[in-house]
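Listing of query-v7.csv, CSV, C-alpha atoms
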chain,number,residue,atom,x,y,z
A,1,MET,CA,0.0,0.0,0.0
A,2,THR,CA,1.5,3.3,-1.1
A,3,LYS,CA,2.1,5.8,1.8
A,4,ALA,CA,1.0,9.4,1.5
A,5,LEU,CA,4.2,10.8,3.0
A,6,ILE,CA,2.5,13.7,4.7
A,7,ASN,CA,3.9,16.1,7.4
A,8,SER,CA,2.9,14.8,10.9
A,9,ASP,CA,3.3,18.4,12.2
A,10,MET,CA,0.4,19.4,10.0
A,11,ILE,CA,-1.8,16.7,11.5
A,12,VAL,CA,-1.1,18.0,15.0
A,13,TRP,CA,-1.7,21.6,13.9
A,14,ALA,CA,-5.0,20.7,12.2
A,15,ALA,CA,-6.2,18.6,15.1
A,16,ASP,CA,-5.4,21.4,17.6
A,17,ARG,CA,-7.2,23.9,15.3
A,18,ALA,CA,-10.2,21.6,15.0
A,19,ASN,CA,-10.1,20.9,18.8
A,20,ILE,CA,-10.2,17.1,18.1
A,21,SER,CA,-8.1,14.4,19.7
A,22,ALA,CA,-6.3,11.5,18.1
A,23,GLU,CA,-8.8,9.2,19.8
A,24,ALA,CA,-11.7,11.1,18.2
A,25,VAL,CA,-10.0,10.9,14.8
A,26,SER,CA,-9.5,7.2,15.1
A,27,ALA,CA,-13.2,6.7,16.1
A,28,LYS,CA,-14.3,8.8,13.0
A,29,LEU,CA,-12.0,6.9,10.7
A,30,LYS,CA,-12.9,3.5,12.4
A,31,LEU,CA,-9.2,2.7,13.0
A,32,GLU,CA,-7.2,1.6,16.0
A,33,PRO,CA,-6.1,4.5,18.1
A,34,GLU,CA,-2.5,3.3,18.0
A,35,LYS,CA,-2.6,3.5,14.2
A,36,VAL,CA,-3.8,7.1,14.2
A,37,LEU,CA,-1.4,8.1,17.0
A,38,SER,CA,1.5,6.8,14.9
A,39,TRP,CA,0.5,9.3,12.2
A,40,PHE,CA,0.5,12.1,14.8
A,41,ASP,CA,3.9,11.1,16.0
A,42,GLY,CA,5.3,10.7,12.5
A,43,VAL,CA,6.2,7.0,13.2
A,44,ASP,CA,4.0,5.8,10.4
A,45,GLN,CA,2.2,7.3,7.4
A,46,PRO,CA,-1.4,6.8,6.2
A,47,SER,CA,-2.3,5.6,2.7
A,48,PHE,CA,-3.5,8.2,0.2
A,49,ALA,CA,-7.1,7.1,0.8
A,50,GLN,CA,-6.7,7.4,4.6
A,51,ALA,CA,-4.9,10.8,4.3
A,52,GLN,CA,-7.9,12.1,2.2
A,53,LYS,CA,-10.3,10.9,4.9
A,54,LEU,CA,-8.0,12.4,7.6
A,55,ALA,CA,-8.0,15.8,5.9
A,56,LYS,CA,-11.8,15.7,5.7
A,57,CYS,CA,-12.1,14.7,9.3
A,58,LEU,CA,-9.8,17.6,10.3
A,59,HIS,CA,-11.6,20.1,8.1
A,60,ILE,CA,-8.6,21.1,6.0
A,61,PRO,CA,-7.8,20.8,2.3
A,62,PHE,CA,-5.9,17.6,1.5
A,63,GLY,CA,-2.9,19.5,0.2
A,64,PHE,CA,-2.4,21.1,3.7
A,65,LEU,CA,-1.1,17.8,5.0
A,66,TYR,CA,2.0,18.2,2.7
A,67,ARG,CA,2.9,21.8,3.8
A,68,ARG,CA,6.0,22.3,5.8
A,69,THR,CA,4.4,25.0,8.0
A,70,PRO,CA,0.8,25.9,8.8
A,71,PRO,CA,-0.9,28.6,6.6
A,72,ASP,CA,-1.6,32.1,7.8
A,73,ASP,CA,-4.7,31.6,9.8
A,74,GLU,CA,-5.5,35.1,10.8
A,75,LEU,CA,-9.1,36.1,11.3
A,76,PRO,CA,-10.5,39.0,9.2
A,77,ILE,CA,-12.0,40.6,12.3
A,78,PRO,CA,-10.4,41.1,15.7
A,79,ASP,CA,-10.7,38.4,18.3
A,80,LEU,CA,-11.5,40.3,21.5
A,81,ARG,CA,-12.2,37.3,23.6
A,82,THR,CA,-10.4,36.8,26.9
A,83,VAL,CA,-10.5,34.6,29.9
A,84,GLY,CA,-9.5,36.7,32.9
A,85,SER,CA,-6.3,38.5,31.8
A,86,ASP,CA,-5.4,36.1,29.1
A,87,PRO,CA,-6.4,35.7,25.4
A,88,ALA,CA,-9.0,33.0,24.9
A,89,THR,CA,-8.1,29.7,23.2
A,90,GLY,CA,-8.1,29.6,19.4
A,91,LEU,CA,-11.4,29.6,17.6
A,92,ASP,CA,-12.4,26.1,16.3
A,93,HIS,CA,-13.2,25.1,12.7
A,94,ASN,CA,-16.9,25.5,13.3
A,95,PHE,CA,-16.5,29.2,14.0
A,96,ARG,CA,-14.0,29.7,11.2
A,97,ASP,CA,-16.3,28.0,8.7
A,98,LEU,CA,-19.3,30.0,10.0
A,99,LEU,CA,-17.3,33.3,9.6
A,100,LYS,CA,-16.3,32.3,6.1
A,101,ASP,CA,-19.9,31.6,5.2
A,102,VAL,CA,-21.1,34.9,6.7
A,103,LEU,CA,-18.4,36.8,4.7
A,104,PHE,CA,-19.5,35.0,1.5
A,105,LYS,CA,-23.0,36.2,2.1
A,106,ARG,CA,-21.7,39.7,2.9
A,107,ASP,CA,-19.8,40.0,-0.3
A,108,TRP,CA,-23.0,39.5,-2.3
A,109,TYR,CA,-25.2,41.6,0.0
A,110,ARG,CA,-22.9,44.5,0.1
A,111,ASP,CA,-22.8,44.7,-3.6
A,112,PHE,CA,-26.6,44.4,-3.7
A,113,CYS,CA,-27.1,47.2,-1.1
A,114,ILE,CA,-24.6,49.5,-2.9
A,115,GLU,CA,-26.5,49.0,-6.2
A,116,ILE,CA,-29.9,49.7,-4.5
A,117,ASP,CA,-28.8,52.5,-2.1
A,118,GLY,CA,-25.1,52.9,-1.4
A,119,ASP,CA,-25.3,55.5,1.3
A,120,ASP,CA,-23.4,55.0,4.5
A,121,LEU,CA,-25.4,54.6,7.7
A,122,PRO,CA,-24.6,57.7,9.9
A,123,PHE,CA,-24.7,55.9,13.2
A,124,VAL,CA,-22.0,53.4,12.4
A,125,GLY,CA,-18.8,54.6,14.2
A,126,SER,CA,-20.6,57.8,15.3
A,127,PHE,CA,-19.0,57.4,18.8
A,128,ASN,CA,-15.7,56.1,20.1
A,129,VAL,CA,-14.3,54.4,23.3
A,130,ASN,CA,-14.0,57.8,25.0
A,131,SER,CA,-17.7,58.7,24.4
A,132,SER,CA,-20.2,58.9,27.2
A,133,VAL,CA,-21.8,55.6,28.0
A,134,THR,CA,-25.2,57.2,28.5
A,135,GLU,CA,-25.0,59.2,25.3
A,136,VAL,CA,-24.2,56.1,23.2
A,137,ALA,CA,-27.0,54.1,24.8
A,138,ARG,CA,-29.5,56.9,24.2
A,139,ASP,CA,-28.4,57.2,20.6
A,140,ILE,CA,-28.9,53.5,20.0
A,141,LYS,CA,-32.5,53.8,21.3
A,142,ARG,CA,-33.0,56.9,19.2
A,143,VAL,CA,-32.0,55.1,16.0
A,144,LEU,CA,-33.8,51.9,16.8
A,145,PHE,CA,-37.1,53.6,17.8
A,146,ARG,CA,-36.9,56.4,15.3
A,147,GLU,CA,-36.8,59.3,17.8
A,148,ALA,CA,-40.0,58.1,19.5
A,149,LYS,CA,-40.0,57.0,23.1
A,150,PHE,CA,-40.6,53.3,23.1
A,151,ASP,CA,-43.3,52.1,25.5
A,152,ILE,CA,-41.6,49.1,27.0
A,153,GLY,CA,-44.8,48.1,28.7
A,154,SER,CA,-46.2,47.2,25.2
A,155,VAL,CA,-44.1,44.0,25.2
A,156,THR,CA,-45.0,41.1,27.5
A,157,ASN,CA,-41.5,39.8,28.5
A,158,TRP,CA,-37.8,39.9,27.6
A,159,GLU,CA,-38.1,37.3,24.9
A,160,ALA,CA,-40.7,39.5,23.1
A,161,TYR,CA,-38.5,42.5,23.7
A,162,LEU,CA,-35.4,40.8,22.1
A,163,THR,CA,-37.5,40.0,19.1
A,164,VAL,CA,-38.6,43.7,18.9
A,165,LEU,CA,-35.0,44.9,19.3
A,166,MET,CA,-33.8,42.6,16.5
A,167,ARG,CA,-36.6,43.7,14.2
A,168,LYS,CA,-36.0,47.4,15.0
A,169,ALA,CA,-32.3,47.0,14.3
A,170,GLU,CA,-33.0,45.4,10.9
A,171,ASP,CA,-35.4,48.2,10.1
A,172,ALA,CA,-32.6,50.7,10.9
A,173,GLY,CA,-30.3,48.9,8.4
A,174,ILE,CA,-28.4,46.6,10.7
A,175,TRP,CA,-28.1,43.0,9.4
A,176,VAL,CA,-29.0,40.7,12.3
A,177,MET,CA,-28.2,37.0,12.2
A,178,ARG,CA,-28.9,34.5,15.0
A,179,ASN,CA,-27.9,30.9,14.5
A,180,GLY,CA,-26.7,27.9,16.6
A,181,VAL,CA,-25.1,25.9,13.8
A,182,VAL,CA,-22.8,26.4,10.8
A,183,GLY,CA,-25.1,27.3,8.0
A,184,SER,CA,-28.0,24.8,8.3
A,185,ASN,CA,-25.8,21.8,9.3
A,186,THR,CA,-27.4,20.7,12.6
A,187,THR,CA,-24.4,18.4,13.2
A,188,ARG,CA,-22.1,21.3,13.5
A,189,VAL,CA,-23.2,23.1,16.6
A,190,LEU,CA,-21.7,26.4,17.6
A,191,SER,CA,-20.1,26.4,21.0
A,192,VAL,CA,-20.9,29.1,23.5
A,193,SER,CA,-17.5,28.4,25.2
A,194,GLN,CA,-16.0,29.6,21.9
A,195,PHE,CA,-18.0,32.8,21.4
A,196,ARG,CA,-21.3,34.4,22.1
A,197,GLY,CA,-21.5,36.9,19.3
A,198,PHE,CA,-19.6,39.1,16.9
A,199,ALA,CA,-20.1,42.4,15.1
A,200,ILE,CA,-18.8,43.7,11.7
A,201,SER,CA,-18.9,47.5,11.8
A,202,ASP,CA,-19.4,48.1,8.0
A,203,PRO,CA,-20.9,51.6,7.3
A,204,ILE,CA,-23.1,50.1,4.5
A,205,ILE,CA,-24.2,46.8,6.0
A,206,PRO,CA,-23.3,46.6,9.7
A,207,LEU,CA,-23.8,43.1,11.0
A,208,VAL,CA,-24.5,41.6,14.3
A,209,PHE,CA,-24.3,37.8,14.8
A,210,ILE,CA,-25.7,36.1,17.9
A,211,ASN,CA,-24.8,32.5,18.9
A,212,GLY,CA,-28.2,30.8,18.9
A,213,THR,CA,-27.0,28.0,21.2
A,214,ASP,CA,-26.6,30.4,24.0
A,215,ALA,CA,-29.4,30.7,26.6
A,216,LYS,CA,-32.0,33.1,25.3
A,217,ALA,CA,-31.9,34.9,28.6
A,218,ALA,CA,-28.2,35.8,27.8
A,219,GLN,CA,-28.7,36.6,24.2
A,220,ILE,CA,-30.4,40.0,24.9
A,221,PHE,CA,-27.2,41.3,26.6
A,222,THR,CA,-25.0,39.9,23.9
A,223,PHE,CA,-27.2,41.6,21.3
A,224,ALA,CA,-26.9,45.0,23.1
A,225,HIS,CA,-23.1,44.5,23.4
A,226,GLU,CA,-22.7,43.9,19.7
A,227,LEU,CA,-24.9,47.0,18.9
A,228,ALA,CA,-22.4,49.0,21.0
A,229,HIS,CA,-19.6,47.7,18.7
A,230,ILE,CA,-21.5,49.1,15.7
A,231,TRP,CA,-21.9,52.5,17.3
A,232,LEU,CA,-18.2,52.6,18.3
A,233,GLY,CA,-17.2,51.5,14.8
A,234,GLU,CA,-15.3,48.5,16.1
A,235,SER,CA,-15.6,45.0,14.7
A,236,GLY,CA,-14.9,42.1,16.9
A,237,ILE,CA,-15.6,38.6,18.3
A,238,SER,CA,-17.0,38.6,21.8
A,239,ASN,CA,-17.5,36.1,24.7
A,240,VAL,CA,-19.4,38.2,27.2
A,241,ARG,CA,-19.3,36.4,30.6
A,242,ILE,CA,-22.0,38.2,32.6
A,243,GLY,CA,-21.4,35.9,35.6
A,244,ASP,CA,-17.8,37.0,36.0
A,245,ILE,CA,-17.3,40.1,38.1
A,246,ASP,CA,-15.1,41.7,35.3
A,247,TYR,CA,-17.4,40.3,32.6
A,248,GLY,CA,-14.5,38.0,31.6
A,249,THR,CA,-12.4,40.6,29.9
A,250,HIS,CA,-9.7,43.1,30.5
A,251,ARG,CA,-10.0,44.9,27.2
A,252,SER,CA,-11.1,48.5,27.4
A,253,LEU,CA,-13.2,48.2,24.2
A,254,GLU,CA,-15.1,45.2,25.6
A,255,ARG,CA,-15.6,46.8,29.0
A,256,LYS,CA,-17.0,49.9,27.2
A,257,CYS,CA,-19.4,47.8,25.1
A,258,ASN,CA,-20.6,46.0,28.3
A,259,GLN,CA,-21.2,49.3,30.0
A,260,ILE,CA,-23.2,50.6,27.0
A,261,ALA,CA,-25.2,47.4,26.8
A,262,ALA,CA,-26.1,47.6,30.5
A,263,GLU,CA,-27.1,51.2,30.2
A,264,PHE,CA,-29.1,50.6,27.1
A,265,LEU,CA,-31.1,47.7,28.7
A,266,VAL,CA,-31.3,49.0,32.2
A,267,PRO,CA,-30.6,52.7,32.5
A,268,ALA,CA,-28.9,53.5,35.8
A,269,GLU,CA,-31.1,56.5,36.6
A,270,ASP,CA,-34.3,54.5,36.1
A,271,LEU,CA,-33.2,51.5,38.1
A,272,LEU,CA,-32.0,53.7,41.0
A,273,ALA,CA,-35.4,55.4,41.0
A,274,LEU,CA,-37.3,52.2,41.0
A,275,TRP,CA,-35.2,50.2,43.5
A,276,MET,CA,-36.9,49.9,46.9
A,277,PRO,CA,-34.1,49.1,49.4
A,278,GLU,CA,-36.7,48.4,52.2
A,279,ASN,CA,-37.7,45.3,50.2
A,280,PRO,CA,-35.6,42.1,49.7
A,281,ALA,CA,-33.2,42.1,46.8
A,282,GLY,CA,-35.0,39.2,45.1
A,283,TRP,CA,-38.2,41.1,45.1
A,284,ASN,CA,-36.5,44.1,43.5
A,285,ILE,CA,-34.8,42.0,40.9
A,286,ASP,CA,-38.0,40.3,39.9
A,287,ARG,CA,-39.9,43.6,39.8
A,288,ASN,CA,-37.4,45.4,37.7
A,289,ALA,CA,-36.7,42.4,35.4
A,290,LYS,CA,-40.4,42.6,34.5
A,291,HIS,CA,-40.3,46.4,34.1
A,292,PHE,CA,-37.2,46.6,31.9
A,293,LYS,CA,-38.1,43.4,30.0
A,294,VAL,CA,-34.7,41.7,30.6
A,295,SER,CA,-33.8,38.5,32.3
A,296,ARG,CA,-33.3,38.4,36.1
A,297,ILE,CA,-29.6,37.8,35.5
A,298,VAL,CA,-29.2,41.1,33.6
A,299,THR,CA,-31.2,43.0,36.2
A,300,ALA,CA,-29.2,41.4,39.1
A,301,ARG,CA,-25.9,42.2,37.3
A,302,ARG,CA,-27.0,45.8,36.8
A,303,ALA,CA,-28.0,46.1,40.5
A,304,PHE,CA,-24.6,44.7,41.5
A,305,ASP,CA,-22.7,47.1,39.2
A,306,LEU,CA,-24.6,50.0,40.8
A,307,GLY,CA,-23.9,48.9,44.3
A,308,LEU,CA,-27.4,47.8,45.1
A,309,ILE,CA,-26.5,44.2,46.0
A,310,ALA,CA,-23.3,42.7,47.3
A,311,GLU,CA,-20.9,40.6,45.3
A,312,ASP,CA,-21.7,37.4,47.2
A,313,ASP,CA,-25.4,37.9,46.8
A,314,TYR,CA,-24.9,38.4,43.0
A,315,LYS,CA,-22.8,35.3,42.7
A,316,ARG,CA,-25.4,33.2,44.5
A,317,TYR,CA,-28.2,34.6,42.4
A,318,TYR,CA,-26.3,34.0,39.2
A,319,ALA,CA,-25.5,30.4,40.2
A,320,VAL,CA,-29.2,29.6,40.7
A,321,GLU,CA,-30.5,31.4,37.6
A,322,SER,CA,-27.8,30.2,35.3
A,323,ARG,CA,-28.8,26.6,36.0
A,324,LYS,CA,-32.2,27.3,34.5
A,325,TRP,CA,-30.5,28.3,31.2
A,326,GLU,CA,-29.6,24.7,30.4
A,327,GLU,CA,-33.2,24.2,29.2
A,328,ASP,CA,-33.4,27.7,27.6
A,329,ASN,CA,-31.3,27.6,24.4
A,330,GLY,CA,-31.2,26.5,20.8
A,331,SER,CA,-32.8,27.9,17.6
A,332,GLY,CA,-34.8,24.9,16.4
A,333,GLY,CA,-38.3,25.0,15.0
A,334,ASP,CA,-39.9,25.1,11.6
A,335,PHE,CA,-37.2,25.5,8.9
A,336,TYR,CA,-39.1,28.2,7.0
A,337,ARG,CA,-39.6,30.3,10.2
A,338,THR,CA,-35.9,30.0,11.3
A,339,LEU,CA,-34.5,30.6,7.8
A,340,PRO,CA,-34.9,34.5,8.1
A,341,VAL,CA,-33.7,34.3,11.7
A,342,ARG,CA,-30.5,32.5,10.8
A,343,ASN,CA,-29.8,34.6,7.8
A,344,GLY,CA,-31.4,37.9,8.7
A,345,GLY,CA,-34.8,38.9,7.5
A,346,ARG,CA,-33.8,41.6,5.0
A,347,PHE,CA,-31.0,39.5,3.6
A,348,THR,CA,-33.3,36.5,3.2
A,349,ASN,CA,-36.0,38.5,1.5
A,350,SER,CA,-33.5,40.2,-0.8
A,351,VAL,CA,-32.0,36.9,-1.9
A,352,VAL,CA,-35.4,35.3,-2.5
A,353,ASN,CA,-36.8,38.3,-4.4
A,354,GLU,CA,-33.7,38.3,-6.7
A,355,ALA,CA,-34.2,34.6,-7.3
A,356,VAL,CA,-37.9,34.9,-8.0
A,357,SER,CA,-37.3,37.8,-10.4
A,358,GLY,CA,-34.7,35.8,-12.3
A,359,ARG,CA,-31.8,38.2,-11.5
A,360,LEU,CA,-30.2,35.5,-9.4
A,361,LEU,CA,-30.0,31.8,-10.2
A,362,LEU,CA,-31.9,29.5,-7.8
A,363,ARG,CA,-28.8,27.5,-7.1
A,364,GLN,CA,-27.0,30.8,-6.2
A,365,ALA,CA,-29.8,31.8,-3.9
A,366,ALA,CA,-29.8,28.4,-2.3
A,367,ALA,CA,-26.0,28.7,-1.6
A,368,LEU,CA,-26.5,32.1,0.0
A,369,LEU,CA,-29.2,30.7,2.2
A,370,ASN,CA,-27.6,27.4,3.0
A,371,THR,CA,-30.5,25.4,1.6
A,372,GLN,CA,-31.8,23.7,-1.6
A,373,PRO,CA,-33.2,25.5,-4.7
A,374,GLY,CA,-36.6,24.0,-4.1
A,375,SER,CA,-36.7,25.3,-0.5
A,376,VAL,CA,-36.1,28.9,-1.8
A,377,MET,CA,-39.3,28.7,-3.9
A,378,LYS,CA,-41.2,27.0,-1.1
A,379,PHE,CA,-40.2,29.8,1.3
A,380,HIS,CA,-41.4,32.3,-1.3
A,381,SER,CA,-44.7,30.5,-1.6
A,382,ARG,CA,-45.2,30.4,2.2
A,383,ARG,CA,-44.2,34.1,2.5
A,384,ARG,CA,-46.8,35.1,-0.1
A,385,ALA,CA,-49.5,33.0,1.6
A,386,ALA,CA,-48.7,34.7,4.9
With the file now loaded, output its structure as structure tokens.
Amino acid sequence: MTKALINSDMIVWAADRANISAEAVSAKLKLEPEKVLSWFDGVDQPSFAQAQKLAKCLHIPFGFLYRRTPPDDELPIPDLRTVGSDPATGLDHNFRDLLKDVLFKRDWYRDFCIEIDGDDLPFVGSFNVNSSVTEVARDIKRVLFREAKFDIGSVTNWEAYLTVLMRKAEDAGIWVMRNGVVGSNTTRVLSVSQFRGFAISDPIIPLVFINGTDAKAAQIFTFAHELAHIWLGESGISNVRIGDIDYGTHRSLERKCNQIAAEFLVPAEDLLALWMPENPAGWNIDRNAKHFKVSRIVTARRAFDLGLIAEDDYKRYYAVESRKWEEDNGSGGDFYRTLPVRNGGRFTNSVVNEAVSGRLLLRQAAALLNTQPGSVMKFHSRRRAA
């Protein structure tokens, strides 16, 4: 059997990049672990057929296994994730493929938007990291709600409020995507331990992506955090850790976005006016969570930041509430309902309209929406019926 004579160092690099062990590789290839470990160590070489399967398993082109050194693997947007005072571990192949897919969509959508209306959106980058937190938060509300004061009492709960915020952001020209998998591949789930969201601060099509596998109670804060990135004109990948006292970051930009998100969702002046110190903290948290239409965790975090509850009380409250999040995640449901959530409503409608008009081939539309050509037309039919 002819050996492939690949570089074992590239196997180790690709396995680390894909966050997959030699044992997991052997299980996928249905080979003895010792055999695969011998490839990792450079003691033995796989056959050409085995090397091709190995490359597929590690999510790299086959030719990469013959390289002397790894390719330049820099991300096109800044990785702002940290764990304490250290950079977070490298992003896995699921995230990298997701970002590649998003940028593929963006290339088409940006050209489409320029052709229709190429004007820059004035709010993108309209502030900077030295701007007032209160002023940025107020301007986000001004743009989303078109100058009018939003009646927060008109929504029933924080889930409905998040839906309203996402729709208002899309109406303002912000491309909002929320997905828990790569494209539409349900076997490639996005890990919350990797990232919670990212923003691309493009003046024509600013984009916010929310990791749909995260607890829905946490998504509203992530969404507000990524909006802050757009207003500050700073792209980046985030892993907001609302349970950590420092939000899990030492970066000044991320701290600023967290402050803006908190002020946007729960204005300090309003919470201080509504807080009744003569009543228990839990009573105040529940009451204000209902008032501001955010999760109890977000309310408790804001109360802690403003000195209304002690650190130990917040940690205990977070531990109890976060356990409930395990049953509160995912982005499943009817495919035709989730399609515009995963891809963004305006983007989805633009692609489908171009396909129906004949200006875009069905197979091209299907590729942009991570679906089949027939599903594009079925979505169009359902949309018309609705």
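Taking atom CA of A:Ser295 as the reference point, atom CA of A:Glu278 is found at 22.4 Å.
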Exercise for review: Name all residues at most 10 Å from A:Gly63 (count all atoms listed in the file; drop same-chain ones fewer than 5 positions away) and give them as a ChimeraX atom specification.
Suggested key: /A:6,51-52,55
Contact table stretch 205-269 of chain A vs stretch 70-82 of chain A, cut-off 7 Å, shortest pair per residue, only C-alpha atoms, as a Markdown table:
| residue | atom | partner | partner_atom | distance |
| --- | --- | --- | --- | --- |
| A:Ser235 | CA | A:Ile77 | CA | 6.2 |
| A:Gly236 | CA | A:Pro78 | CA | 4.8 |
| A:Ile237 | CA | A:Asp79 | CA | 4.9 |
| A:Ser238 | CA | A:Arg81 | CA | 5.3 |
| A:Asn239 | CA | A:Arg81 | CA | 5.5 |
| A:Gly248 | CA | A:Thr82 | CA | 6.4 |
| A:Thr249 | CA | A:Thr82 | CA | 5.2 |
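With distances taken over all atoms listed in the file, A:Cys113 is the one residue among A:Val320, A:Ala262, A:Cys113, A:Met276 lying closest to A:Pro206.
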Exercise for review: Could you check how far atom CA of A:Ala217 sits from atom CA of A:Val294, in Å to one decimal?
Suggested key: 7.6 Å
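You can rank A:Ala18, A:Arg138, A:Val356, A:Val12 by their closest distance to A:Asp41 using only C-alpha atoms, and at the top of that list sits A:Val12.
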Point to revise | A:Phe379 environment, 10 Å, all atoms listed in the file, sequence neighbours closer than 5 positions dropped, as number ranges by chain | key: A: 335-337, 339-340, 348-349, 352, 374, 384-385
Exercise for review: Pick out the residues sitting within 12 Å of A:Asn179, and hand them over as a ChimeraX atom specification; count only C-alpha atoms, and ignore anything fewer than 6 positions along from it in its own chain.
Suggested key: /A:95,98-99,102,185-186,188-192,196-198,208-214,216,219,329-333,338-344
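With only C-alpha atoms as the atoms that count, the residue of A:Leu165, A:Val182, A:Leu5, A:Ile285 with the shortest distance to A:Asn370 is A:Val182.
Here atom CA of A:Thr156 is placed at a distance of 28.9 Å from atom CA of A:Phe123.
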Exercise for review: Write out as a PyMOL selection string which residues come within 12 Å of A:Arg146 when counting all atoms listed in the file, dropping same-chain ones fewer than 5 positions away.
Suggested key: chain A and resi 138-141+168-169+171-172
Practice item. Extract, using only C-alpha atoms, all DNA, RNA and protein residues at most 8 Å from A:Gly42, discarding same-chain residues fewer than 5 positions from it, and format them as an NGL selection string. Key: :A and (7-9)
